[in-house]
Amino acid sequence: MRASLNSLIATSLGVFFSTILACLASYGLARFEFRGKQDLWFWFITNRFVSPVVLAFPVFLIARETGLRDTHLALILMYLTFTLPIVIWICTDQFRSIPRELDEAAMLEGASHFRVFRSICLPLAMPGVAVSSILSFIFSWNELLFAYILAPKAAKTAPAMAVTFMEGYDVPYGKIMATSTLIVVPVLIFALLASKHLVRGLTMGAVK
């Protein structure tokens, strides 16, 4: 129970912050031109090319030296590092698909860029935001490597707890299956709650 709660706290906060930051960054990438934009975009789409195993030892050392090891904050920051580029990638395409004429019409009425983003672009981009949030939630919830390294005791997550049940050749299938069920259920609930936006996001652009 404690491990599931740890997973829920770290994953929910990670998805919350990644969605907020990604929506703001995606709107900027989709609507504005600035120096280094292409380099920044290239970094976002190639971030997942790096194998997590390569970063495991450096991340462990940083967490230990900064006193963040075995805390929820360490997991949240780690999840942000890997999910933020995915959310930005998906949301940027969603904002790009929204006609700029809507922005211009709103600005003629005196709306600011933030008002346009909040009242016009964000509601229209919600299908993409929902899809990226679900993917971010799934990736974070199922993450094992960094959860096992960064949270060995107090902040241990459900996937890391399931691994600890196996000792040598002894495999307690009952405990593992029960834990696996607890791991899957929150993802299903989250997907069902956002199913309407999920279907719209996956089918958007299929028919021109």
# chains A, B, ... in the order shown; residues from 1 in each chain; ligands from 1
>>> closest_atom_pairs(of="segment 70-179 of chain A", to="segment 22-42 of chain A", cutoff="8 Å", atoms="only C-alpha atoms", output="Markdown table")
| residue | atom | partner | partner_atom | distance |
| --- | --- | --- | --- | --- |
| A:Leu84 | CA | A:Ala22 | CA | 6.3 |
| A:Pro85 | CA | A:Ala22 | CA | 7.8 |
| A:Val87 | CA | A:Ala22 | CA | 5.9 |
| A:Ile88 | CA | A:Ala22 | CA | 4.8 |
| A:Trp89 | CA | A:Ser26 | CA | 7.6 |
| A:Cys91 | CA | A:Ser26 | CA | 5.8 |
| A:Thr92 | CA | A:Ser26 | CA | 4.4 |
| A:Asp93 | CA | A:Ala30 | CA | 7.5 |
| A:Phe95 | CA | A:Ala30 | CA | 6.0 |
| A:Arg96 | CA | A:Ala30 | CA | 5.3 |
| A:Phe117 | CA | A:Tyr27 | CA | 7.3 |
| A:Leu122 | CA | A:Cys23 | CA | 7.8 |
| A:Val129 | CA | A:Cys23 | CA | 7.7 |
>>> write_last_selection(atoms="all heavy atoms", output="CSV table (one decimal), in the first residue's frame")
chain,number,residue,atom,x,y,z
A,84,LEU,N,9.0,15.1,-20.1
A,84,LEU,CA,8.8,16.4,-20.6
A,84,LEU,C,9.0,16.5,-22.1
A,84,LEU,O,8.2,17.1,-22.8
A,84,LEU,CB,9.7,17.4,-19.9
A,84,LEU,CG,9.4,18.9,-20.1
A,84,LEU,CD1,7.9,19.2,-19.7
A,84,LEU,CD2,10.3,19.8,-19.3
A,85,PRO,N,10.1,16.0,-22.7
A,85,PRO,CA,10.3,16.0,-24.1
A,85,PRO,C,9.2,15.4,-24.9
A,85,PRO,O,8.8,15.9,-26.0
A,85,PRO,CB,11.7,15.3,-24.4
A,85,PRO,CG,12.4,15.4,-23.1
A,85,PRO,CD,11.3,15.4,-22.0
A,87,VAL,N,6.0,15.0,-24.0
A,87,VAL,CA,4.8,15.8,-24.0
A,87,VAL,C,5.0,17.1,-24.8
A,87,VAL,O,4.0,17.5,-25.5
A,87,VAL,CB,4.5,16.2,-22.5
A,87,VAL,CG1,3.2,17.1,-22.4
A,87,VAL,CG2,4.4,15.0,-21.6
A,88,ILE,N,6.1,17.7,-24.8
A,88,ILE,CA,6.4,18.9,-25.7
A,88,ILE,C,6.3,18.5,-27.1
A,88,ILE,O,5.7,19.2,-28.0
A,88,ILE,CB,7.8,19.5,-25.3
A,88,ILE,CG1,7.8,20.1,-24.0
A,88,ILE,CG2,8.2,20.5,-26.4
A,88,ILE,CD1,9.1,20.7,-23.5
A,89,TRP,N,6.8,17.4,-27.5
A,89,TRP,CA,6.8,16.9,-28.9
A,89,TRP,C,5.4,16.8,-29.4
A,89,TRP,O,5.0,17.3,-30.5
A,89,TRP,CB,7.5,15.6,-29.0
A,89,TRP,CG,7.7,15.0,-30.4
A,89,TRP,CD1,7.5,15.7,-31.5
A,89,TRP,CD2,7.9,13.7,-30.7
A,89,TRP,NE1,7.7,14.9,-32.6
A,89,TRP,CE2,8.0,13.6,-32.1
A,89,TRP,CE3,8.2,12.5,-30.0
A,89,TRP,CZ2,8.2,12.4,-32.8
A,89,TRP,CZ3,8.5,11.3,-30.7
A,89,TRP,CH2,8.5,11.3,-32.1
A,91,CYS,N,2.5,18.0,-27.9
A,91,CYS,CA,1.7,19.2,-27.8
A,91,CYS,C,2.1,20.3,-28.8
A,91,CYS,O,1.2,21.1,-29.3
A,91,CYS,CB,1.8,19.7,-26.4
A,91,CYS,SG,1.1,18.7,-25.1
A,92,THR,N,3.4,20.3,-29.2
A,92,THR,CA,3.8,21.3,-30.2
A,92,THR,C,3.1,21.1,-31.5
A,92,THR,O,2.6,22.0,-32.2
A,92,THR,CB,5.3,21.2,-30.4
A,92,THR,OG1,6.0,21.5,-29.2
A,92,THR,CG2,5.8,22.3,-31.4
A,93,ASP,N,3.0,19.8,-31.9
A,93,ASP,CA,2.2,19.5,-33.2
A,93,ASP,C,0.8,19.9,-33.0
A,93,ASP,O,0.1,20.3,-34.0
A,93,ASP,CB,2.4,18.0,-33.5
A,93,ASP,CG,3.7,17.7,-34.0
A,93,ASP,OD1,4.4,18.6,-34.5
A,93,ASP,OD2,4.2,16.5,-33.9
A,95,PHE,N,-0.5,22.4,-31.2
A,95,PHE,CA,-0.6,23.9,-31.3
A,95,PHE,C,-0.3,24.3,-32.7
A,95,PHE,O,-0.9,25.3,-33.2
A,95,PHE,CB,0.4,24.5,-30.3
A,95,PHE,CG,-0.1,24.5,-28.9
A,95,PHE,CD1,0.6,23.8,-27.9
A,95,PHE,CD2,-1.2,25.2,-28.5
A,95,PHE,CE1,0.2,23.8,-26.6
A,95,PHE,CE2,-1.6,25.2,-27.2
A,95,PHE,CZ,-0.9,24.4,-26.2
A,96,ARG,N,0.6,23.7,-33.4
A,96,ARG,CA,0.8,24.0,-34.8
A,96,ARG,C,-0.4,23.8,-35.7
A,96,ARG,O,-0.5,24.5,-36.7
A,96,ARG,CB,2.0,23.2,-35.3
A,96,ARG,CG,3.4,23.7,-34.8
A,96,ARG,CD,4.5,22.8,-35.3
A,96,ARG,NE,5.8,23.4,-34.8
A,96,ARG,CZ,7.0,22.7,-34.9
A,96,ARG,NH1,6.9,21.4,-35.4
A,96,ARG,NH2,8.1,23.2,-34.5
A,117,PHE,N,-3.5,32.0,-25.5
A,117,PHE,CA,-3.0,30.6,-25.1
A,117,PHE,C,-4.1,29.9,-24.2
A,117,PHE,O,-4.5,28.8,-24.4
A,117,PHE,CB,-1.7,30.7,-24.4
A,117,PHE,CG,-1.3,29.4,-23.7
A,117,PHE,CD1,-0.9,28.3,-24.3
A,117,PHE,CD2,-1.4,29.4,-22.3
A,117,PHE,CE1,-0.6,27.1,-23.6
A,117,PHE,CE2,-1.1,28.3,-21.6
A,117,PHE,CZ,-0.7,27.1,-22.2
A,122,LEU,N,-5.3,26.5,-25.9
A,122,LEU,CA,-5.2,25.3,-25.0
A,122,LEU,C,-6.5,24.5,-25.0
A,122,LEU,O,-6.4,23.2,-25.1
A,122,LEU,CB,-5.0,25.8,-23.5
A,122,LEU,CG,-4.8,24.7,-22.5
A,122,LEU,CD1,-3.6,23.9,-22.8
A,122,LEU,CD2,-4.6,25.4,-21.1
A,129,VAL,N,-3.0,17.2,-25.5
A,129,VAL,CA,-2.5,17.3,-24.1
A,129,VAL,C,-2.9,16.0,-23.3
A,129,VAL,O,-2.2,15.5,-22.5
A,129,VAL,CB,-3.1,18.5,-23.4
A,129,VAL,CG1,-2.7,18.6,-22.0
A,129,VAL,CG2,-2.6,19.8,-24.1
>>> residues_around(residues="Ile62 of chain A", least_positions_apart="4", cutoff="12 Å", atoms="only C-alpha atoms", output="MDAnalysis selection string")
chainID A and resid 55:58 66:69 74 77:78 149:150
>>> select_by_dssp(residues="segment 107-201 of chain A", states="alpha helix (DSSP H)", output="ChimeraX atom specification")
/A:107-108,113-116,122-124,126-142,145-150,158-164,173-193,195-201
>>> closest_residue(among="A:Met177, A:Leu145, A:Leu102, A:Val185", to="Ser51 of chain A", atoms="only C-alpha atoms")
A:Leu145
>>> closest_residue(among="A:Met161, A:Val50, A:Ile90, A:Ala63", to="Pro127 of chain A", atoms="only C-alpha atoms")
A:Ile90
>>> atom_distance(atom1="atom CA of Asn6 of chain A", atom2="atom CA of Met126 of chain A")
27.7 Å
>>> atom_distance(atom1="atom CA of Ile176 of chain A", atom2="atom CA of Ala160 of chain A")
11.1 Å
>>> atom_distance(atom1="atom CA of Thr164 of chain A", atom2="atom CA of Arg2 of chain A")
14.3 Å
>>> residues_around(residues="Val187 of chain A", least_positions_apart="5", cutoff="9 Å", atoms="only C-alpha atoms", output="CSV table (one decimal) with C-alpha atoms, in the first residue's frame")
chain,number,residue,atom,x,y,z
A,134,ILE,CA,-1.6,9.5,-20.5
A,137,PHE,CA,1.6,8.8,-16.7
A,138,ILE,CA,2.2,5.3,-18.1
A,141,TRP,CA,4.2,4.8,-13.3
A,192,LEU,CA,-10.8,5.7,-18.9
>>> closest_residue(among="A:Cys121, A:Ile76, A:Val54, A:Val171", to="Thr157 of chain A", atoms="only C-alpha atoms")
A:Ile76
